[in-house]
Amino acid sequence: MSKPSVHEALIYLMVIASASDRDMSDPELGRIGAVVRGWPVFEDFNADRIVEVAQDCQKRLNGAEGLEGVLGLVAGVLPERLRDTAYAAAFEVAAADLEIRLEEMRVLQLIRRSLDLDTLTAAAIAQGAKARHRTLT
């Protein structure tokens, strides 16, 4: 398989965050679509390819590379200036169902480490995502 594009690498991280608890919920899948359709980093990406890219990610995860291999591949593709954006996209998806389970936290930690993000940046991104997803009830 060839290297993913930067857009594909960003989607891979969202898929990994969503699948971390072995349940890709409808809110999480919806959030992936919303991020791809709404965030400026995806302006020139064809959103009709989301499913195709997600399936490619799943194949890689189930292949010889496994999670560590895919995270390494993604880290190698993403430019330094987009690493916080990538983590924010992953966290956005994990927070979409208003509950971040232990498995999701572990995967987010692996993502943070693979992207070499400092703790303060990761905490700020997490707090922002949690604040965006709060409801009145």
# chains A, B, ... in the order shown; residues from 1 in each chain; ligands from 1
call {"tool": "residues_around", "arguments": {"residues": "range 60-72 of chain A", "least_positions_apart": "3", "cutoff": "7 Å", "atoms": "only C-alpha atoms", "output": "compact mmCIF listing (two decimals) with all heavy atoms, in the first residue's frame"}}
result
# COMPACT_ATOMS: atom_id res chain seq x y z
N ASP A 56 -9.70 1.81 4.09
CA ASP A 56 -8.26 1.62 3.90
C ASP A 56 -7.56 1.60 5.26
O ASP A 56 -6.69 0.76 5.51
CB ASP A 56 -7.69 2.73 3.01
CG ASP A 56 -6.22 2.54 2.73
OD1 ASP A 56 -5.82 1.43 2.32
OD2 ASP A 56 -5.45 3.51 2.94
N CYS A 57 -7.95 2.50 6.14
CA CYS A 57 -7.38 2.54 7.48
C CYS A 57 -7.64 1.22 8.21
O CYS A 57 -6.74 0.65 8.83
CB CYS A 57 -7.95 3.71 8.27
SG CYS A 57 -7.34 3.80 9.97
N ALA A 75 2.34 9.62 11.53
CA ALA A 75 3.30 10.59 12.06
C ALA A 75 4.34 10.97 11.01
O ALA A 75 4.77 12.12 10.95
CB ALA A 75 3.98 10.04 13.30
N GLY A 76 4.69 10.03 10.16
CA GLY A 76 5.65 10.31 9.11
C GLY A 76 5.10 11.16 7.98
O GLY A 76 5.86 11.82 7.27
N ILE A 111 -1.82 8.23 20.31
CA ILE A 111 -1.82 9.21 19.22
C ILE A 111 -0.98 10.42 19.62
O ILE A 111 -0.13 10.88 18.85
CB ILE A 111 -3.25 9.63 18.83
CG1 ILE A 111 -3.99 8.45 18.16
CG2 ILE A 111 -3.25 10.85 17.92
CD1 ILE A 111 -5.48 8.68 17.95
N SER A 114 2.66 9.50 19.50
CA SER A 114 3.16 9.30 18.13
C SER A 114 3.33 10.63 17.40
O SER A 114 4.19 10.77 16.53
CB SER A 114 2.26 8.36 17.34
OG SER A 114 1.05 8.98 16.98
call {"tool": "residues_around", "arguments": {"residues": "range 14-26 of chain A", "least_positions_apart": "3", "cutoff": "8 Å", "atoms": "only C-alpha atoms", "output": "number ranges by chain"}}
result
A: 10-11, 29-30, 32, 54, 57, 89-91, 93-94, 97, 101, 103-104, 107-108
call {"tool": "write_last_selection", "arguments": {"atoms": "C-alpha atoms", "output": "compact mmCIF listing (two decimals), in the first residue's frame"}}
result
# COMPACT_ATOMS: atom_id res chain seq x y z
CA LEU A 10 -5.99 12.94 9.44
CA ILE A 11 -8.97 10.69 8.70
CA LEU A 29 -19.17 8.62 12.45
CA GLY A 30 -21.24 11.76 12.10
CA ILE A 32 -15.90 12.44 11.27
CA ALA A 54 -11.84 4.71 6.53
CA CYS A 57 -7.38 2.54 7.48
CA ALA A 89 -9.61 15.92 15.05
CA ALA A 90 -9.06 12.59 16.82
CA PHE A 91 -10.18 13.99 20.17
CA VAL A 93 -14.38 12.19 17.37
CA ALA A 94 -13.68 10.49 20.69
CA ASP A 97 -20.65 10.50 22.12
CA ARG A 101 -13.92 5.47 27.77
CA GLU A 103 -9.83 2.41 25.80
CA GLU A 104 -10.33 5.70 23.97
CA VAL A 107 -5.55 5.30 22.15
CA LEU A 108 -5.60 9.10 22.39
call {"tool": "select_by_dssp", "arguments": {"residues": "chain A", "states": "helix (DSSP H, G or I)", "output": "ChimeraX atom specification"}}
result
/A:6-19,26-38,40-42,47-62,66-77,80-94,102-114,119-133
call {"tool": "closest_residue", "arguments": {"among": "A:Ala129, A:Leu136, A:Leu115, A:Leu82", "to": "Glu99 in chain A", "atoms": "only C-alpha atoms"}}
result
A:Ala129
call {"tool": "atom_distance", "arguments": {"atom1": "CA of Arg112 in chain A", "atom2": "CA of Ala88 in chain A"}}
result
9.9 Å
call {"tool": "residues_around", "arguments": {"residues": "Ile125 in chain A", "least_positions_apart": "4", "cutoff": "9 Å", "atoms": "only C-alpha atoms", "output": "PyMOL selection string"}}
result
chain A and resi 84-85+87-88+91-92+120-121+129-130
call {"tool": "write_last_selection", "arguments": {"atoms": "C-alpha atoms", "output": "tab-separated table (two decimals), in the first residue's frame"}}
result
chain	number	residue	atom	x	y	z
A	84	ASP	CA	-2.06	19.61	16.94
A	85	THR	CA	-4.83	19.77	14.32
A	87	TYR	CA	-4.87	15.37	17.60
A	88	ALA	CA	-7.78	17.81	17.81
A	91	PHE	CA	-10.18	13.99	20.17
A	92	GLU	CA	-13.22	15.61	18.55
A	120	LEU	CA	-0.20	21.17	27.82
A	121	THR	CA	-1.18	21.28	24.15
A	129	ALA	CA	-13.40	19.43	22.66
A	130	LYS	CA	-15.15	18.61	25.92
call {"tool": "residues_around", "arguments": {"residues": "Asp48 in chain A", "least_positions_apart": "6", "cutoff": "12 Å", "atoms": "only C-alpha atoms", "output": "PyMOL selection string"}}
result
chain A and resi 33+36-37+54
call {"tool": "write_last_selection", "arguments": {"atoms": "N, CA, C and O atoms", "output": "PDB file, in the first residue's frame"}}
result
ATOM      1  N   GLY A  33     -17.595  12.936   9.594  1.00  0.00           N
ATOM      2  CA  GLY A  33     -18.127  13.635   8.427  1.00  0.00           C
ATOM      3  C   GLY A  33     -18.180  15.136   8.630  1.00  0.00           C
ATOM      4  O   GLY A  33     -17.834  15.908   7.737  1.00  0.00           O
ATOM      5  N   VAL A  36     -14.607  16.590   8.421  1.00  0.00           N
ATOM      6  CA  VAL A  36     -14.125  16.606   7.035  1.00  0.00           C
ATOM      7  C   VAL A  36     -14.843  17.673   6.216  1.00  0.00           C
ATOM      8  O   VAL A  36     -14.230  18.362   5.407  1.00  0.00           O
ATOM      9  N   ARG A  37     -16.121  17.841   6.454  1.00  0.00           N
ATOM     10  CA  ARG A  37     -16.889  18.819   5.672  1.00  0.00           C
ATOM     11  C   ARG A  37     -16.742  20.251   6.197  1.00  0.00           C
ATOM     12  O   ARG A  37     -16.999  21.196   5.459  1.00  0.00           O
ATOM     13  N   ALA A  54     -11.617   5.422   5.274  1.00  0.00           N
ATOM     14  CA  ALA A  54     -11.845   4.709   6.535  1.00  0.00           C
ATOM     15  C   ALA A  54     -11.626   3.208   6.350  1.00  0.00           C
ATOM     16  O   ALA A  54     -11.017   2.550   7.204  1.00  0.00           O
TER      17      ALA A  54
END
call {"tool": "closest_residue", "arguments": {"among": "A:Leu102, A:Ala86, A:Glu43, A:Ser2", "to": "Leu117 in chain A", "atoms": "only C-alpha atoms"}}
result
A:Ala86
call {"tool": "atom_distance", "arguments": {"atom1": "CA of Val6 in chain A", "atom2": "CA of Asp44 in chain A"}}
result
11.4 Å
call {"tool": "closest_residue", "arguments": {"among": "A:Ala47, A:Ala123, A:Ala131, A:Leu13", "to": "Ala96 in chain A", "atoms": "only C-alpha atoms"}}
result
A:Ala131
